[in-house]
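Please read the structure below before turning to the comments.
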Amino acid sequence: MLDFDLTVNGRRYPVRAEPRKLLSDVLREDCRLTGTHVGCEHGVCGACTVLVDGKPSRACLIYAVQMQDHEITTIEAVAKDGKLTPLQQALHEVHGLQCGFCTAGIVITFEAYLRENPRPTEEQVREVLAGNLCRCTGYHNIVKAILRVANERRDAQA
Amino acid sequence: MRRPKLRHIGAPIPRKEDLRFLTGRGRYVDDIEIPGALHACFVRSPHPHARILSIGMEAAKKSPGVVDIYTGKDLAQWTTPLRMAPPIEGLHPVEMTTLPIDKVRFHGDPVACVIATSRYLAEDAAELVEVDYEPLPAAANLEQALAEGAPKVDESLASNLVSVQRFATGDVQKQKREAFKVVESAFHQGRMTHLPIETRGLAAVWDEGRQHLTVHIGNQVPHPYRSQVAARMRLSESQVTIASPDVGGGFGQKIALYREELTVCAASRQLKRPVRWREDRMENLMAASHAREDSVRTRAAVTKEGRLLGLELEILEDFGAYCFYPANYLARVVAMILTGPYKVRDYAFEVKVALTNKCGNGPMRAPMAITSWVIEGTMDAIARELRLDPLEVRRLNMVETRELPYTMPTGEVIADITPRETLEAAVKAIDYAGFRRRQAAARQEGRHLGLGLCSVVESTTYGSRFYKAAGIPGSGHEAAWLRIEPSGAVNASVGLGATGQGYETAFAQVVADGLGVEPSQVRMQLGNTDVAPYGMGSRGARGGTAGGTAIFLAAREANEKVLAIAAQMLGFDSAEGLHLVDGRIEREILGERVKTDLTLAQVARTAYLDPTALPKGIAPGLDFSKTYDPPPMTYSNAAHACEVELDAETGALKILRYVVAEDCGTVLNPFVVEGQQHGAIAMGLSGALLEHMRYDEHGNNITGSLADYLVATATDLPGFEVIPMHTPSRGNPVGIKGMAEGGVMGAIGVIASAVNDALAPFGVVAERQPLSPDYLLSLLRQT
Amino acid sequence: MKPAPFRYHRPRSLADTLQLLVTLENAKLIAGGQSLGPMMNMRLVQPAELIDLNALAGLDLIAEKDDFLEIGALARHHAVESSTLVKKHCPLLAEAAGTIGHYAIRSRGTLGGSLAHADPAAQLPLVAATLGAEIVVNGKRGERRIAAKDFFVSMMTTALEADEIVVSARFPKAAAGDRHAYLQFSRRTGDFAIVAVAAVLHSRKLRLGIGGAEDKPLVFEDFSAHEDPQAIARKVREAVQPTESPRVPALYREELVEVLVKRAVARCLTSI
Ligand SMILES: Cc1cc2nc3c(=O)[nH]c(=O)nc-3n(C[C@H](O)[C@H](O)[C@H](O)COP(=O)(O)OP(=O)(O)OC[C@H]3O[C@@H](n4cnc5c(N)ncnc54)[C@H](O)[C@@H]3O)c2cc1C
Ligand code: FES
Ligand code: FES
């Protein structure tokens with residue numbers, strides 16, 4: 001067992017865990033942030049995606065002990081003061097989620113991606129979204145929601 | 001019963017569920033904190049088929065954190081076996097213990113369960129359990145399973161053929177003899193698995209004081225599941241609560257009581273401590289439940305013009321090693337509804353189901369998924385062999401609107417469906433006529449386009465009379481409960497288990513219209529068997545038809561009582577002309593609606609807290625229960641059309657356009673219906689293009705990760721163009737027909753039709769799914 | 001799917017890292033963890049000691065030298081793909097790096113990890129081999145530079161000694177007028193390639209790298225740009241001997257080699 005601190009969503013969490021404990025498990029069990037989901041534990045499904053220093057990363061492929069001195073952001077911190085971000089709002093309004101299990105990973109990935117590329121094409125959106133599996137929606141409405149956010153930004157700039 | 005004006009049913013209301021999911025505050029099983037819970041991990045067979053000689057647990061028991069380890073022998077003392085023996089002709093009874101005792105039957109079969117203080121420690125110990133196996137030859141596929149002297153998967157059976165059923169009506173042989181031509185087609189669908197992104201899992205909490213078991217588990221059918229748990233643990237149904245929280249997808253995988261789940265329940269009772277299990281993805285792929293894997297053949301006797309005179313069907317299904325369902329049940333439905341919208345009188349089928357040394361099968365979203373591919377593929381084959389236009393062949397054989405209701409050769413009755421209308425709409429939207437020109441032009445440039453058509457008649461909702469007629473035990477009814485609380489708040493429930501269908505929103509809309517309140521005032525309380533009424537749960541596409549109707553009927557009854565009380569409170573002799581609208585009583589005077597000062601909250605307060613003020617004969621309280629048993633079968637329909645491009649050098653496929661025209665009757669919430677359509681089409685395309693659960697020729701599972709089991713990503717699927725053409729059903733009080741699986745059927749059929757259209761100039765036909773690029777190239781290589 | 005226990009080390013310097021490598025038994029380096037993580041979660045790999053390279057400073061630099069770019073072992077795929085230096089001087093590398101896995105995989109996976117992992121279908125080993133990159137490694141005998149063609153030995157096996165780590169790789173800069181193409185065929189976006197082809201046209205000479213076909217990237221040099229793409233493709237196809245696998249028939253891989261080579265060559269010849 002090791003003792004170390006994690007910084008998650010701007011808050012420090014003292015953690016006692018074996019070095020092998022996955023970040024996804026530590027977030028869920030030790031930090032009690034269960035919004036990060038686990039769907040495969042081998043990097044494919046994307047459900048566990050969190051931000052590490054602002055960059056989307058699979059929490060199932062990181063040992064929590066590696067994350068000392070890094071900033072982690074999870075889905076719980078995406079909406080500020082209970083106010084949904086434009087992406088979350090758009091997903092709600094166009095029915096971009098069903099069972100909701102994949103949703104956190106998708107929101108996290110695209111909050112980061114849209115910062116890097118605020119006005120992606122549909123093709124680019126689909127390419128990036130290919131890193132998150134959703135078994136319910138067929139992706140159509142997720143793509144629609146992301147493009148809506150991108151287009152709103154475009155309109156706001158115009 | 002008066003039918004209210006629909007104000008909320010059909011409104012595009014964004015879902016209530018969304019907010020918690022979008023902010024990471026959903027509650028899936030694993031999110032529920034249970035202090036002191038132990039963790040289970042299963043030791044699984046590395047062999048497809050082997051005798052268990054001994055299980056060495058000494059080292060494992062000494063491993064840190066281990067509390068105990070259980071085997072099949074332990075479980076046999078604490079639980080009863082599952083006997084699958086419905087009185088169905090041609091189906092052999094089978095039985096399985098909670099964990100295997102003498103032999104394992106597939107690669108991944110659980111042989112022991114380690115209980116430890118964490119999953120990490122449980123996995124450490126599981127590696128130390130030493131099972132001594134004597135490997136046996138395996139039946140790794142249908143051919144091996146049905147060969148002379150094949151190894152027997154289930155030794156209690158005479159052979160691996162667990163079910164054989166035949167049916168004939170009319171005289172197909174005669175039609176074949178007299179036909180202009182008999183067109184033969186074959187269809188092979190690969191093995192698949194449901195792959196909910198949330199795997200299986202549960203937390204079992206035994207309360208020794210109350211002698212009560214609470215099972216937190218994502219489940220589609222909480223009540224039937226509870227009955228099973230209780231029976232197999234020799235408990236009464238009053239000693240078991242199933243609490244199904246948010247569920248990360250089910251698709252049919254979260255219906256049966258699996259052996260691992262029962263083991264965890266028994267372990268909790270044994271240890272008098274909470275025990276939880278979260279299946280990992282490797283287990284989920286290898287050992288949860290598989291689906292499909294059928295080999296199908298049709299022989300169609302036709303006239304020169306392509307009219308269908310007689311049809312013969314053979315299905316051979318690979319059911320895997322264990323029967324969690326009657327083995328005939330999935331394939332038989334295909335045979336029952338095969339002919340769909342097409343007219344034919346002379347029909348015969350033979351459905352054979354065999355056991356193999358693979359993970360057991362179960363129903364996966366559209367258990368009858370292959371149906372539309374088979375019948376539409378047969379239509380395409382007729383057109384191909386007679387050099388006719390495939391659209392014309394469909395038009396020629398399709399039932400006319402004036403011929404409805406139409407009785408299929410199996411006796412199934414289709415009524416209130418619109419196959420011609422949807423087909424023509426899809427054909428128009430995809431520009432069938434223009435396509436042929438573009439296709440010809442593209443071929444000149446060496447590009448290979450294909451257009452597919454597929455009509456779907458979806459059996460959505462099975463009524464009790466269907467089960468009775470088919471000789472399957474079970475009921476098709478659904479139950480609803482509704483309570484208006486003293487404050488006027490509305491709680492309601494049905495026996496369904498939500499797995500993403502938006503029941504909390506759509507059913508609130510139904511209650512809103514049935515009762516006369518705002519949808520926001522209604523809270524659906526789902527999934528907990530202590531609260532929900534005993535209904536049959538979510539399977540097929542029965543949620544809307546059976547559940548929606550049941551809750552509508554309960555809401556209507558509530559409305560009547562509220563109005564009766566309101567009439568007295570307003571000083572009228574009868575409730576005639578009174579309405580409850582958005583929680584306020586309105587009065588109709590000369591056709592005009594006038595609001596009164598009376599609200600639902602005031603009525604409710606009177607009903608609970610001032611019963612002496614109630615009209616004579618009206619009991620206190622506002623609590624209602626209703627059940628609804630739908631007609632034997634409810635059908636909805638759709639027509640799919642899609643355009644693909646085939647890269648003839650690599651075998652790669654690209655879907656250029658996808659159109660679906662659909663009629664599912666009254667729509668509760670168009671967002672939800674469209675979402676279900678998208679999801680179903682996606683699952684169909686994913687299976688048709690990519691998914692393949694493979695075993696090698698010895699029976700070893702070689703699809704152990706999501707890098708091997710490929711499901712469609714956002715770049716594999718097109719945008720979907722949905723054309724809503726809904727016409728209410730006359731057989732249902734709300735006009736609902738149901739949907740959610742037909743998209744799978746249509747997608748599987750339409751993609752095959754499109755690919756074969758693209759392959760036409762090469763003179764080859766794709767008969768197999770998945771339509772992988774190497775398979776398509778292997779066909780092109782023959783040319 | 002939880003990893004077996006291990007002891008964790010996070011050295012701050014190269015010297016400490018090398019010291020740990022020599023002293024610890026059954027140790028494994030971890031960089032991005034995007035290949036090692038899945039294998040450890042499946043318990044296919046169970047190191048007793050895990051040495052985390054992520055705290056080593058300066059190993060993620062991308063630097064321009066006279067005739068090559070030096071890219072640190074810890075440079076993430078995403079950094080490589082979006083670096084203006086790489087895009088300018090090694091456009092083939094930037095393009096190929098952008099096709100690795102998914103966005104989140106690329107934000108964490110590293111160049112050094114990919115080279116050391118040596119998956120026969122991976123993009124970076126293929127590009128390194130095709131461009132004739134040098135892999136810079138450091139170990140108890142000091143630094144050495146290994147030509148990519150000698151570095152990749154076979155399936156997931158490299159010329160790296162047990163006490164060595166990959167420090168960086170040197171990719172020759174493209175000359176003005178050079179053209180390139182990168183084509184891969186995979187089942188889905190982000191899946192490892194079934195076959196990948198990298199092509200470079202330099203002063204009328206074509207160099208072709210083939211990934212996924214055999215147990216390491218193959219390089220074919222000195223095709224003339226005047227030759228017919230189809231003829232080149234056929235020659236390459238005849239020269240490769242794909243291994244049979246239950247998922248992908250060898251014949252299919254051969255066919256893909258031919259098609260992709262033909263297309264890659266054509267693209268080099270027509271792209272401006
Ligand atoms: C879903 C998914 C899809 C992927 N798709 C692709 C793909 O299409 N193409 C592709 O190429 N890759 C793909 N990858 C793998 C990814 O590119 C990895 O990042 C890469 O292969 C390894 O880099 P890493 O930094 O993650 O290494 P790690 O996983 O940390 O290590 C891999 C191996 O290299 C060793 N190692 C790491 N760094 C060094 C070093 N500096 N010196 C010596 N040894 C070292 C480790 O000990 C280990 O044996 C995918 C991964 C996932 C999870
Ligand atoms: S759980 Fe991490 S990618 Fe699937
Ligand atoms: S909404 Fe269910 S997996 Fe995406």
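By order in the structure tokens, chains are A, B, ...; within a chain, residues start at 1; ligands start at 1, following the order shown.
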
With only C-alpha atoms as the counted atoms, please give the residues lying no more than 12 Å from B:Pro733, apart from itself and same-chain residues fewer than 6 positions off, as an mmCIF file with C-alpha atoms, in the first residue's frame.
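What ended up in part.cif:
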data_model
loop_
_atom_site.group_PDB
_atom_site.id
_atom_site.type_symbol
_atom_site.label_atom_id
_atom_site.label_comp_id
_atom_site.auth_asym_id
_atom_site.auth_seq_id
_atom_site.Cartn_x
_atom_site.Cartn_y
_atom_site.Cartn_z
ATOM 1 C CA MET B 1 -63.575 4.520 -21.919
ATOM 2 C CA ARG B 2 -63.290 8.094 -23.067
ATOM 3 C CA ARG B 3 -60.082 8.786 -24.924
ATOM 4 C CA PRO B 4 -58.589 12.135 -23.888
ATOM 5 C CA VAL B 510 -48.530 8.850 -21.084
ATOM 6 C CA GLY B 514 -54.182 9.747 -19.204
ATOM 7 C CA GLY B 544 -44.507 0.962 -25.256
ATOM 8 C CA THR B 545 -47.318 -1.340 -26.294
ATOM 9 C CA ALA B 546 -47.713 -3.371 -23.130
ATOM 10 C CA GLY B 548 -47.400 2.210 -22.032
ATOM 11 C CA THR B 549 -50.922 0.919 -22.368
ATOM 12 C CA ALA B 550 -51.049 -0.504 -18.845
ATOM 13 C CA ILE B 551 -49.968 2.779 -17.314
ATOM 14 C CA PHE B 552 -52.366 4.662 -19.565
ATOM 15 C CA LEU B 553 -55.233 2.526 -18.309
ATOM 16 C CA ARG B 556 -57.502 6.802 -16.900
ATOM 17 C CA TYR B 628 -53.017 -5.135 -19.633
ATOM 18 C CA ASP B 629 -52.693 -8.170 -21.822
ATOM 19 C CA PRO B 630 -52.121 -7.117 -25.417
ATOM 20 C CA PRO B 631 -53.519 -8.976 -28.432
ATOM 21 C CA GLY B 665 -48.340 3.668 -34.560
ATOM 22 C CA THR B 666 -48.807 6.299 -31.892
#

Practice task
Check every residue of chain A for an atom within 9 Å of chain C, counting only C-alpha atoms, and provide those that qualify as a VMD selection string.
Solution key: chain A and resid 18 to 22 40 to 44 46 49 55 to 58 60 to 63 65 to 66 109 113 127 to 132

Would you output that residue set with N, CA and C atoms, as a short mmCIF file (atom, residue, chain, number, x, y, z; two decimals), in the first residue's frame?
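Saved to selection-v9.cif:
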data_model
loop_
_atom_site.label_atom_id
_atom_site.label_comp_id
_atom_site.auth_asym_id
_atom_site.auth_seq_id
_atom_site.Cartn_x
_atom_site.Cartn_y
_atom_site.Cartn_z
N GLU A 18 -2.75 0.25 -3.43
CA GLU A 18 -1.64 -0.48 -4.02
C GLU A 18 -1.23 0.25 -5.30
N PRO A 19 0.05 0.18 -5.66
CA PRO A 19 0.48 0.87 -6.88
C PRO A 19 -0.24 0.35 -8.11
N ARG A 20 -0.71 -0.89 -8.07
CA ARG A 20 -1.35 -1.44 -9.27
C ARG A 20 -2.78 -0.95 -9.45
N LYS A 21 -3.30 -0.22 -8.49
CA LYS A 21 -4.72 0.14 -8.60
C LYS A 21 -4.91 1.15 -9.73
N LEU A 22 -5.83 0.81 -10.61
CA LEU A 22 -6.06 1.64 -11.80
C LEU A 22 -6.67 2.98 -11.41
N CYS A 40 -14.20 -1.68 -20.42
CA CYS A 40 -13.40 -2.73 -21.07
C CYS A 40 -12.06 -2.97 -20.40
N GLU A 41 -11.52 -1.96 -19.78
CA GLU A 41 -10.20 -2.07 -19.14
C GLU A 41 -9.11 -2.53 -20.10
N HIS A 42 -9.30 -2.24 -21.38
CA HIS A 42 -8.15 -2.38 -22.26
C HIS A 42 -8.06 -1.27 -23.30
N GLY A 43 -8.63 -0.14 -22.97
CA GLY A 43 -8.36 1.05 -23.77
C GLY A 43 -9.23 1.25 -24.99
N VAL A 44 -10.17 0.34 -25.25
CA VAL A 44 -10.90 0.42 -26.51
C VAL A 44 -12.20 1.22 -26.41
N GLY A 46 -13.48 3.60 -24.34
CA GLY A 46 -13.49 5.04 -24.10
C GLY A 46 -14.37 5.50 -22.95
N THR A 49 -12.68 7.61 -20.09
CA THR A 49 -11.82 8.73 -20.46
C THR A 49 -11.95 9.91 -19.48
N LYS A 55 -5.64 16.75 -21.07
CA LYS A 55 -5.62 15.88 -22.25
C LYS A 55 -6.42 14.60 -21.99
N PRO A 56 -7.28 14.24 -22.93
CA PRO A 56 -8.10 13.04 -22.71
C PRO A 56 -7.25 11.78 -22.63
N SER A 57 -7.49 10.98 -21.63
CA SER A 57 -6.69 9.78 -21.41
C SER A 57 -7.57 8.68 -20.84
N ARG A 58 -7.22 7.45 -21.15
CA ARG A 58 -7.97 6.31 -20.62
C ARG A 58 -7.56 6.09 -19.16
N CYS A 60 -8.34 3.66 -17.42
CA CYS A 60 -8.10 2.24 -17.17
C CYS A 60 -6.69 1.82 -17.57
N LEU A 61 -5.95 2.72 -18.23
CA LEU A 61 -4.58 2.39 -18.64
C LEU A 61 -3.57 3.25 -17.88
N ILE A 62 -3.99 3.75 -16.75
CA ILE A 62 -3.09 4.56 -15.93
C ILE A 62 -3.21 4.02 -14.50
N TYR A 63 -2.10 3.90 -13.81
CA TYR A 63 -2.15 3.55 -12.40
C TYR A 63 -2.26 4.86 -11.63
N VAL A 65 -1.18 5.85 -8.97
CA VAL A 65 0.07 6.31 -8.36
C VAL A 65 0.89 7.16 -9.33
N GLN A 66 0.66 6.97 -10.63
CA GLN A 66 1.40 7.76 -11.62
C GLN A 66 0.91 9.20 -11.68
N THR A 109 -14.08 13.71 -23.81
CA THR A 109 -13.25 13.72 -25.00
C THR A 109 -13.51 14.98 -25.83
N TYR A 113 -11.47 18.11 -27.18
CA TYR A 113 -11.24 18.20 -28.63
C TYR A 113 -11.75 19.53 -29.18
N GLU A 127 -14.32 10.81 -36.82
CA GLU A 127 -12.99 10.21 -36.58
C GLU A 127 -12.67 10.19 -35.08
N VAL A 128 -12.88 11.32 -34.43
CA VAL A 128 -12.54 11.40 -33.01
C VAL A 128 -13.52 10.54 -32.20
N LEU A 129 -14.79 10.60 -32.56
CA LEU A 129 -15.81 9.85 -31.83
C LEU A 129 -15.59 8.34 -31.96
N ALA A 130 -14.86 7.94 -33.00
CA ALA A 130 -14.59 6.51 -33.18
C ALA A 130 -13.84 5.93 -31.98
N GLY A 131 -13.26 6.78 -31.15
CA GLY A 131 -12.56 6.31 -29.96
C GLY A 131 -13.49 6.06 -28.77
N ASN A 132 -14.78 6.25 -28.96
CA ASN A 132 -15.74 5.98 -27.88
C ASN A 132 -16.84 5.08 -28.43
#

Handout entry: Neighbours of chain A in chain B at 7 Å, counting only C-alpha atoms, as JSON, numbers by chain
Key = {"B": [14, 18, 21, 22, 23, 24, 25, 31, 196, 197, 198, 199, 247, 248, 249, 280, 281, 499, 500, 501, 671, 675, 678, 679, 682, 706, 713, 714, 715, 719, 720]}

Practice task
Find the residue from C:Val127, C:Ala147, C:Leu24, C:Val166 that sits nearest to ligand 1; use only C-alpha atoms and all ligand atoms when measuring.
Solution key: C:Val166

Handout entry: Surrounding residues of stretch 14-18 of chain C excluding itself and chain neighbours under 2 positions, 7 Å, only C-alpha atoms, as a ChimeraX atom specification
Key = /C:11-12,20-22,56,139-140,163

Exercise for the section: Could you give me, as an MDAnalysis selection string, each residue of stretch 15-167 of chain C that DSSP assigns to helix (DSSP H, G or I) when run on this structure's backbone? Expected result: chainID C and resid 15:23 36:41 53:55 77:82 84:89 91:97 103:106 111:117 123:131 148:151

Exercise for the section: Could you give me, as a ChimeraX atom specification, the residues within 10 Å of C:Ala128, counting only C-alpha atoms and dropping anything in the same chain fewer than 2 positions from it? Expected result: /C:92-93,115,123-126,130-135,147-149,151-152,169-172,209,217

Dump as a short mmCIF file (atom, residue, chain, number, x, y, z; two decimals), in the first residue's frame, selection limited to C-alpha atoms:
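That gives us again.cif:
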data_model
loop_
_atom_site.label_atom_id
_atom_site.label_comp_id
_atom_site.auth_asym_id
_atom_site.auth_seq_id
_atom_site.Cartn_x
_atom_site.Cartn_y
_atom_site.Cartn_z
CA LEU C 92 5.09 11.12 -43.63
CA LEU C 93 5.71 10.73 -39.91
CA LEU C 115 9.25 1.69 -31.26
CA GLN C 123 2.76 3.05 -37.78
CA LEU C 124 5.89 4.42 -36.16
CA PRO C 125 8.16 1.41 -36.64
CA LEU C 126 7.05 1.34 -40.27
CA THR C 130 10.95 3.43 -44.37
CA LEU C 131 12.69 6.73 -43.68
CA GLY C 132 15.85 5.03 -42.45
CA ALA C 133 15.62 6.56 -38.99
CA GLU C 134 18.14 5.87 -36.25
CA ILE C 135 17.01 4.79 -32.83
CA ALA C 147 19.55 1.87 -37.72
CA ALA C 148 15.84 1.15 -37.82
CA LYS C 149 16.39 -1.77 -40.19
CA PHE C 151 16.39 -2.31 -34.60
CA PHE C 152 13.24 -4.24 -35.50
CA ALA C 169 14.84 8.63 -32.68
CA ARG C 170 16.40 10.60 -35.50
CA PHE C 171 14.31 10.96 -38.60
CA PRO C 172 16.03 12.26 -41.75
CA GLY C 209 7.73 0.32 -46.46
CA PRO C 217 8.26 -3.70 -41.24
#

Would you give me, as a tab-separated table, each residue of chain B having an atom within 9 Å of an atom of chain C, along with its shortest atom pair and that distance in Å to one decimal, using only C-alpha atoms and sorting by chain and residue number?
residue	atom	partner	partner_atom	distance
B:Arg119	CA	C:Lys2	CA	7.6
B:Tyr120	CA	C:Lys2	CA	5.7
B:Leu121	CA	C:Ala4	CA	8.9
B:Glu123	CA	C:Lys2	CA	7.1
B:Asp124	CA	C:Ala4	CA	6.8
B:Asp280	CA	C:Met1	CA	6.1
B:Arg281	CA	C:Met1	CA	7.8
B:Met282	CA	C:Met1	CA	7.6
B:Glu649	CA	C:Val259	CA	6.6
B:Thr650	CA	C:Leu256	CA	6.4
B:Ala652	CA	C:Arg187	CA	8.5
B:Leu690	CA	C:Arg187	CA	8.0
B:Arg694	CA	C:Arg247	CA	8.9
B:Asp696	CA	C:Pro246	CA	7.7
B:Ile702	CA	C:Pro246	CA	8.5
B:Ala707	CA	C:Asp191	CA	7.3
B:Asp708	CA	C:Arg247	CA	8.7
B:Leu710	CA	C:Arg188	CA	8.1
B:Val711	CA	C:Arg188	CA	8.9
B:Ala712	CA	C:Arg188	CA	7.8
B:Thr713	CA	C:Arg188	CA	7.4
B:Ala714	CA	C:Thr189	CA	8.8
B:Thr715	CA	C:Thr189	CA	6.7
B:Asp716	CA	C:Arg188	CA	6.9
B:Ser772	CA	C:Arg187	CA	8.4
B:Pro773	CA	C:Arg187	CA	8.2
B:Asp774	CA	C:Tyr252	CA	6.1
B:Leu777	CA	C:Tyr252	CA	7.8
B:Ser778	CA	C:Tyr252	CA	8.1

Handout entry: Gap from atom CA of C:Ser83 to atom 27 (O, counted along the ligand's line) of ligand 1 - Å, one decimal
Key =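 Value for the atom CA of C:Ser83-atom 27 (O, counted along the ligand's line) of ligand 1 distance: 19.8 Å.
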